[in-house]
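Trainee: Take a look at target-v3.csv, CSV, C-alpha atoms:
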```csv
chain,number,residue,atom,x,y,z
A,1,MET,CA,26.1,8.9,10.8
A,2,ALA,CA,22.6,9.9,11.8
A,3,LEU,CA,22.0,13.2,13.6
A,4,ARG,CA,18.9,14.3,15.5
A,5,GLY,CA,16.5,17.0,14.5
A,6,PRO,CA,17.8,19.9,16.7
A,7,LEU,CA,21.2,19.7,14.9
A,8,SER,CA,19.5,20.0,11.6
A,9,ARG,CA,17.7,23.1,12.8
A,10,LEU,CA,20.9,24.5,14.2
A,11,LEU,CA,22.8,24.0,10.9
A,12,ARG,CA,19.9,25.7,9.0
A,13,PHE,CA,20.1,28.7,11.4
A,14,THR,CA,23.9,28.8,11.1
A,15,LEU,CA,23.7,28.8,7.3
A,16,SER,CA,21.2,31.6,7.4
A,17,SER,CA,23.4,33.6,9.7
A,18,CYS,CA,26.5,33.0,7.6
A,19,GLN,CA,24.6,34.1,4.5
A,20,GLN,CA,23.8,37.4,6.2
A,21,ASN,CA,27.3,37.9,7.7
A,22,ARG,CA,29.5,35.0,6.8
A,23,SER,CA,32.7,36.2,8.2
A,24,HIS,CA,31.2,36.9,11.6
A,25,SER,CA,29.4,33.6,12.4
A,26,VAL,CA,31.0,30.6,14.1
A,27,ALA,CA,29.2,27.4,15.3
A,28,VAL,CA,31.1,25.5,18.0
A,29,LEU,CA,29.8,22.0,17.8
A,30,GLY,CA,31.0,19.5,20.3
A,31,ALA,CA,30.8,15.8,19.3
A,32,PRO,CA,31.1,13.6,22.5
A,33,PHE,CA,32.1,10.4,20.8
A,34,SER,CA,34.6,7.6,21.5
A,35,LYS,CA,33.8,4.8,19.1
A,36,GLY,CA,36.1,3.6,16.4
A,37,GLN,CA,39.2,3.5,18.6
A,38,LYS,CA,40.3,1.6,21.6
A,39,ARG,CA,40.6,4.1,24.4
A,40,ARG,CA,37.6,5.6,26.1
A,41,GLY,CA,37.6,9.2,27.3
A,42,VAL,CA,37.7,11.2,24.1
A,43,GLU,CA,34.0,11.7,24.5
A,44,HIS,CA,34.9,14.1,27.3
A,45,GLY,CA,37.2,16.1,25.0
A,46,PRO,CA,34.6,18.7,23.8
A,47,LYS,CA,33.7,19.6,27.4
A,48,ALA,CA,37.3,19.8,28.4
A,49,ILE,CA,38.2,22.2,25.6
A,50,ARG,CA,35.2,24.4,26.4
A,51,ASP,CA,36.2,24.3,30.1
A,52,ALA,CA,39.6,25.6,29.0
A,53,GLY,CA,38.0,28.8,27.8
A,54,LEU,CA,37.3,28.2,24.1
A,55,VAL,CA,34.1,30.2,23.8
A,56,GLU,CA,35.5,33.0,25.9
A,57,ARG,CA,38.6,33.2,23.8
A,58,LEU,CA,36.7,33.3,20.5
A,59,SER,CA,34.3,35.9,22.0
A,60,ASN,CA,37.3,38.1,23.0
A,61,LEU,CA,38.5,38.2,19.4
A,62,GLY,CA,35.6,40.6,19.0
A,63,LYS,CA,34.5,39.7,15.5
A,64,TYR,CA,32.4,36.5,15.8
A,65,ILE,CA,28.8,35.5,16.7
A,66,ILE,CA,29.3,32.3,18.7
A,67,ILE,CA,26.8,29.5,18.4
A,68,ASN,CA,27.7,26.9,21.1
A,69,THR,CA,26.1,23.5,21.3
A,70,ASN,CA,26.7,19.7,21.1
A,71,VAL,CA,26.0,17.2,18.4
A,72,THR,CA,24.0,14.1,19.4
A,73,LEU,CA,25.3,11.0,17.6
A,74,THR,CA,22.7,8.3,17.3
A,75,SER,CA,24.5,5.9,15.0
A,76,VAL,CA,27.8,5.5,13.2
A,77,LEU,CA,28.6,4.5,9.7
A,78,ALA,CA,31.0,1.6,9.9
A,79,TYR,CA,33.7,1.4,7.3
A,80,ASP,CA,35.8,-2.1,8.3
A,81,ASP,CA,38.8,-2.0,5.7
A,82,HIS,CA,40.7,1.1,7.2
A,83,PRO,CA,44.2,-0.2,8.0
A,84,SER,CA,44.6,2.0,11.2
A,85,CYS,CA,41.3,1.0,12.9
A,86,TYR,CA,40.9,4.6,14.1
A,87,TYR,CA,37.7,6.3,13.1
A,88,HIS,CA,39.2,9.8,12.7
A,89,GLY,CA,41.9,8.4,10.5
A,90,GLN,CA,39.2,7.2,8.2
A,91,LEU,CA,38.8,10.7,6.8
A,92,LEU,CA,41.9,10.1,4.8
A,93,HIS,CA,40.6,6.7,3.7
A,94,PHE,CA,37.3,8.2,2.6
A,95,LEU,CA,39.2,10.7,0.5
A,96,ILE,CA,41.2,7.9,-1.2
A,97,VAL,CA,38.0,5.9,-1.9
A,98,CYS,CA,36.4,9.1,-3.4
A,99,LEU,CA,39.4,9.7,-5.6
A,100,GLU,CA,39.4,6.1,-6.8
A,101,ARG,CA,35.7,6.4,-7.6
A,102,LYS,CA,36.3,9.8,-9.2
A,103,ASN,CA,33.8,11.5,-7.0
A,104,SER,CA,34.0,15.2,-6.2
A,105,ILE,CA,35.4,16.0,-2.8
A,106,THR,CA,35.9,18.9,-0.5
A,107,THR,CA,39.5,20.1,0.0
A,108,PHE,CA,41.0,18.7,3.2
A,109,ILE,CA,44.3,19.4,4.9
A,110,LEU,CA,45.0,16.5,7.1
A,111,LEU,CA,47.5,16.8,10.0
A,112,ALA,CA,47.6,13.2,11.1
A,113,ASN,CA,50.2,11.3,13.1
A,114,LEU,CA,53.2,9.9,11.4
A,115,ILE,CA,52.1,6.3,11.7
A,116,LEU,CA,48.9,6.9,9.8
A,117,LEU,CA,50.7,8.8,7.1
A,118,LEU,CA,53.2,6.1,6.6
A,119,SER,CA,50.5,3.4,6.3
A,120,HIS,CA,49.0,5.3,3.4
A,121,SER,CA,52.2,6.8,1.8
A,122,ILE,CA,52.4,4.4,-1.1
A,123,ILE,CA,48.7,4.9,-2.0
A,124,LEU,CA,49.0,8.7,-1.6
A,125,LYS,CA,51.9,8.8,-4.0
A,126,THR,CA,50.0,6.6,-6.5
A,127,LEU,CA,47.0,8.9,-6.4
A,128,GLY,CA,49.1,12.1,-6.6
A,129,ILE,CA,47.9,13.4,-3.2
A,130,GLN,CA,50.2,16.0,-1.7
A,131,TYR,CA,51.3,15.1,1.8
A,132,PHE,CA,54.1,15.9,4.2
A,133,SER,CA,55.7,13.8,6.9
A,134,MET,CA,57.6,15.1,9.9
A,135,ARG,CA,60.8,14.4,8.0
A,136,ASP,CA,59.6,16.7,5.3
A,137,ILE,CA,58.8,19.4,7.8
A,138,ASP,CA,62.3,19.0,9.4
A,139,ARG,CA,63.9,19.2,6.0
A,140,MET,CA,61.9,22.0,4.4
A,141,GLY,CA,60.7,24.0,7.4
A,142,ILE,CA,57.0,24.6,8.2
A,143,GLN,CA,56.9,27.9,6.2
A,144,ARG,CA,57.9,26.2,2.9
A,145,VAL,CA,55.6,23.2,3.6
A,146,MET,CA,52.6,25.6,4.0
A,147,GLU,CA,53.6,27.5,0.8
A,148,VAL,CA,53.7,24.3,-1.2
A,149,THR,CA,50.5,23.0,0.4
A,150,LEU,CA,48.5,26.1,-0.3
A,151,ASP,CA,49.9,26.5,-3.8
A,152,HIS,CA,48.9,22.9,-4.5
A,153,LEU,CA,45.4,23.4,-3.1
A,154,LEU,CA,44.5,26.8,-4.4
A,155,ALA,CA,46.6,27.5,-7.5
A,156,ARG,CA,43.9,26.5,-10.0
A,157,LYS,CA,40.8,27.3,-8.1
A,158,GLN,CA,40.0,28.8,-4.7
A,159,ARG,CA,37.8,26.4,-2.7
A,160,PRO,CA,36.6,26.1,0.9
A,161,ILE,CA,39.1,24.5,3.2
A,162,HIS,CA,38.2,21.8,5.8
A,163,LEU,CA,41.1,21.7,8.4
A,164,SER,CA,41.2,18.4,10.3
A,165,PHE,CA,43.6,18.7,13.2
A,166,ASP,CA,44.5,15.7,15.3
A,167,ILE,CA,45.9,17.0,18.6
A,168,ASP,CA,48.5,14.1,18.7
A,169,ALA,CA,50.2,15.7,15.6
A,170,PHE,CA,51.9,17.7,18.3
A,171,ASP,CA,54.8,16.4,20.3
A,172,PRO,CA,53.6,14.6,23.5
A,173,SER,CA,55.5,17.1,25.6
A,174,LEU,CA,52.9,19.6,24.4
A,175,ALA,CA,49.8,17.4,24.2
A,176,PRO,CA,50.2,14.5,26.7
A,177,ALA,CA,46.4,13.9,27.2
A,178,THR,CA,45.8,12.0,23.9
A,179,GLY,CA,45.6,8.4,22.9
A,180,THR,CA,48.3,8.1,20.3
A,181,PRO,CA,51.3,10.1,21.3
A,182,VAL,CA,54.3,9.9,19.0
A,183,ASN,CA,57.7,11.5,19.9
A,184,GLY,CA,59.0,14.1,17.4
A,185,GLY,CA,55.7,15.7,16.6
A,186,LEU,CA,54.9,19.3,15.8
A,187,THR,CA,56.3,22.1,17.9
A,188,TYR,CA,54.0,24.8,19.3
A,189,ARG,CA,55.3,27.3,16.8
A,190,GLU,CA,54.9,24.9,13.9
A,191,GLY,CA,51.3,24.1,14.8
A,192,ILE,CA,50.3,27.7,15.3
A,193,TYR,CA,52.0,28.7,12.0
A,194,VAL,CA,49.8,26.1,10.2
A,195,THR,CA,46.6,27.5,11.6
A,196,GLU,CA,47.7,31.1,11.0
A,197,GLU,CA,48.4,30.4,7.4
A,198,ILE,CA,45.0,28.7,6.9
A,199,HIS,CA,43.3,31.7,8.4
A,200,ASN,CA,45.2,34.0,6.1
A,201,THR,CA,43.7,32.3,3.1
A,202,GLY,CA,40.2,33.5,4.1
A,203,LEU,CA,38.9,30.2,2.9
A,204,LEU,CA,38.5,28.2,6.2
A,205,SER,CA,35.0,26.7,6.2
A,206,VAL,CA,35.2,23.9,8.7
A,207,MET,CA,37.7,22.8,11.4
A,208,ASP,CA,37.6,19.8,13.6
A,209,VAL,CA,40.0,19.1,16.5
A,210,VAL,CA,40.1,15.6,17.8
A,211,GLU,CA,41.8,13.1,20.2
A,212,VAL,CA,41.8,15.3,23.3
A,213,ASN,CA,41.3,12.7,26.0
A,214,PRO,CA,41.0,14.0,29.5
A,215,THR,CA,41.3,10.6,31.1
A,216,LEU,CA,44.8,10.1,29.7
A,217,GLY,CA,46.2,13.2,31.4
A,218,ALA,CA,48.5,11.9,34.1
A,219,THR,CA,48.2,15.1,36.1
A,220,PRO,CA,45.9,18.1,36.0
A,221,GLU,CA,48.8,20.1,34.4
A,222,ALA,CA,49.0,17.6,31.6
A,223,LEU,CA,45.3,17.9,30.8
A,224,GLU,CA,45.5,21.7,31.1
A,225,ALA,CA,48.4,21.8,28.7
A,226,THR,CA,46.5,19.7,26.1
A,227,THR,CA,43.2,21.6,26.3
A,228,SER,CA,44.9,25.0,26.3
A,229,LEU,CA,46.8,23.9,23.1
A,230,ALA,CA,43.5,22.9,21.5
A,231,VAL,CA,42.1,26.4,22.3
A,232,ASP,CA,45.2,28.1,20.9
A,233,ILE,CA,45.1,26.3,17.6
A,234,ILE,CA,41.3,26.9,17.2
A,235,ALA,CA,41.6,30.6,18.1
A,236,SER,CA,44.6,31.0,15.8
A,237,ALA,CA,42.7,29.4,12.9
A,238,LEU,CA,40.0,32.1,13.5
A,239,GLY,CA,42.3,35.1,13.6
A,240,GLN,CA,44.1,35.2,16.9
A,241,THR,CA,47.6,36.5,16.3
A,242,ARG,CA,50.8,36.0,18.3
A,243,GLU,CA,51.4,39.8,18.6
A,244,GLY,CA,49.0,39.8,21.5
A,245,ALA,CA,46.2,42.2,22.4
A,246,HIS,CA,47.0,45.8,22.6
A,247,ILE,CA,45.2,48.8,23.9
A,248,THR,CA,44.4,51.3,21.2
A,249,PHE,CA,44.5,55.0,22.0
A,250,PRO,CA,42.8,57.5,19.7
A,251,LYS,CA,45.7,59.9,20.5
A,252,ILE,CA,48.7,60.1,22.7
A,253,PRO,CA,47.6,61.4,26.2
A,254,GLU,CA,48.8,64.8,27.0
A,255,PRO,CA,50.9,65.0,30.2
A,256,LYS,CA,49.4,67.1,33.1
A,257,GLU,CA,51.2,70.3,34.0
A,258,ASP,CA,52.1,69.2,37.4
A,259,THR,CA,53.5,65.8,36.2
A,260,GLU,CA,56.9,65.1,37.6
A,261,LEU,CA,59.5,63.0,35.8
A,262,ARG,CA,61.3,60.8,38.3
A,263,LEU,CA,64.1,58.4,37.4
```
Please rewrite the model in this file as structure tokens.

Mentor:
Amino acid sequence: MALRGPLSRLLRFTLSSCQQNRSHSVAVLGAPFSKGQKRRGVEHGPKAIRDAGLVERLSNLGKYIIINTNVTLTSVLAYDDHPSCYYHGQLLHFLIVCLERKNSITTFILLANLILLLSHSIILKTLGIQYFSMRDIDRMGIQRVMEVTLDHLLARKQRPIHLSFDIDAFDPSLAPATGTPVNGGLTYREGIYVTEEIHNTGLLSVMDVVEVNPTLGATPEALEATTSLAVDIIASALGQTREGAHITFPKIPEPKEDTELRL
């Protein structure tokens, strides 16, 4: 995948900012791209997520410098033997190839749809890659799944985490504007719990959210539900909590002398 010069300069600037204040720099990089899968429209996903208030939400967290731009993709590295034929799913395939060739890899947590996981389940077991299907989540509960996942990833050495989140991992009732909806997906609480736990490690380095397809939203409400969900999981991965925002008072205000109590 070839990237134009401005992106290279942006990444150098981001790296420099992160070195100065790593925990307070976030680059929001949109990648308008639809190749490698059959349905057009996902190239409009980054704009739709921004329009749903992503940058404003991250800014309101009050602890990040937001760098907001798009990535220009000029060519794509083809890779023809992936069984699912979906480009984003090839992340899993790349990892398998890397392991087979004994190359060093970055830690990935992949939340893919059930079909993709099942197509690789035999290979994953053979290579000793920890994975969880929706059946495992139903049986164990999302809390235990995340405990085992993070123990597996971080027990021997703490390494940066790349979280790859496919929006169609959620149940279609929550994320209808996507190309591969599968009934019985993650609930809202399960998905948010995943991103909260990743944030709590303090090791999140990169996150990608894919497969938001505005053209597949049957109604404006369906598109809004999907893009709002994408904003929620990104914000949660970066520290937004479900307790909500609260006004902080330095001290309890004193009542005025003429204040009357009326019931």

Trainee: Compare A:Met146, A:Ala177, A:Leu29, A:Ile192 by their minimum atom-to-atom distance to A:Arg50, counting all atoms listed in the file, and give me the closest one.

Mentor: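 That would be A:Leu29, the residue with the smallest distance to A:Arg50.
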
Trainee: How close does stretch 167-202 of chain A get to stretch 128-139 of chain A? List, as a Markdown table, each residue of stretch 167-202 of chain A within 9 Å, its nearest atom pair and the distance in Å to one decimal, counting only C-alpha atoms.

Mentor:
```
| residue | atom | partner | partner_atom | distance |
| --- | --- | --- | --- | --- |
| A:Gly184 | CA | A:Met134 | CA | 7.7 |
| A:Gly185 | CA | A:Met134 | CA | 7.0 |
| A:Leu186 | CA | A:Met134 | CA | 7.7 |
```

Trainee: Write a file of the just-selected residues containing C-alpha atoms, as a PDB file, in the coordinates of the input.

Mentor:
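To be explicit, this is the file written out as out.pdb:
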```
ATOM      1  CA  GLY A 184      59.000  14.100  17.400  1.00  0.00           C
ATOM      2  CA  GLY A 185      55.700  15.700  16.600  1.00  0.00           C
ATOM      3  CA  LEU A 186      54.900  19.300  15.800  1.00  0.00           C
TER       4      LEU A 186
END
```

Trainee: So, counting all atoms listed in the file, which residue among A:Gly239, A:Pro214, A:Gly179, A:Gly202 is closest to A:Lys38?

Mentor: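 Of A:Gly239, A:Pro214, A:Gly179, A:Gly202, the one nearest A:Lys38, counting all atoms listed in the file, is A:Gly179.
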
Trainee: List as a PyMOL selection string the protein and nucleic acid residues near A:Thr69, meaning an atom at most 8 Å away when all atoms listed in the file are counted, but skip any in the same chain fewer than 3 places from it.

Mentor: chain A and resi 27-30

Trainee: So that I can see what lies close to A:Glu224, please list as a PyMOL selection string the residues with an atom at most 12 Å from it, counting only C-alpha atoms and leaving out residues fewer than 3 positions away in the same chain.

Mentor: chain A and resi 45+48-53+174-177+212-221+227-231

Trainee: For A:Thr241, which residue among A:Gln143, A:Ile67, A:Ile161, A:Glu197 is the nearest when counting all atoms listed in the file?

Mentor: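 The closest residue to A:Thr241 is A:Glu197.
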
Trainee: For A:Asp208, which residue out of A:Ser164, A:Asn70, A:Thr195, A:Thr149 is the nearest one, using all atoms listed in the file?

Mentor: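 Smallest separation from A:Asp208 among the options: A:Ser164.
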
Trainee: Calculate how many Å separate atom CA of A:Arg144 from atom CA of A:Thr187, rounding to one decimal.

Mentor: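 Calculated distance between atom CA of A:Arg144 and atom CA of A:Thr187 is 15.6 Å.
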
Trainee: Distance atom CA of A:Thr201-atom CA of A:Ala225, one decimal place?

Mentor: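 We find that atom CA of A:Thr201 and atom CA of A:Ala225 lie 28.1 Å from each other.
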
Trainee: Using all atoms listed in the file, can you tell me which of A:Arg57, A:Lys125, A:His199, A:Arg40 comes closest to A:Leu238?

Mentor: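 Answer, going by the shortest atom-to-atom distance: A:His199.
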
Trainee: Between A:Asp151, A:Val145, A:Glu190, A:Thr226, single out the one closest to A:Ser173, counting all atoms listed in the file.

Mentor: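 Ranking A:Asp151, A:Val145, A:Glu190, A:Thr226 by distance to A:Ser173, first place goes to A:Thr226.
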
Trainee: How far is it from atom CA of A:Leu163 to atom CA of A:Val206, in Å with one decimal?

Mentor: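 Interatomic distance, atom CA of A:Leu163 to atom CA of A:Val206: 6.3 Å.
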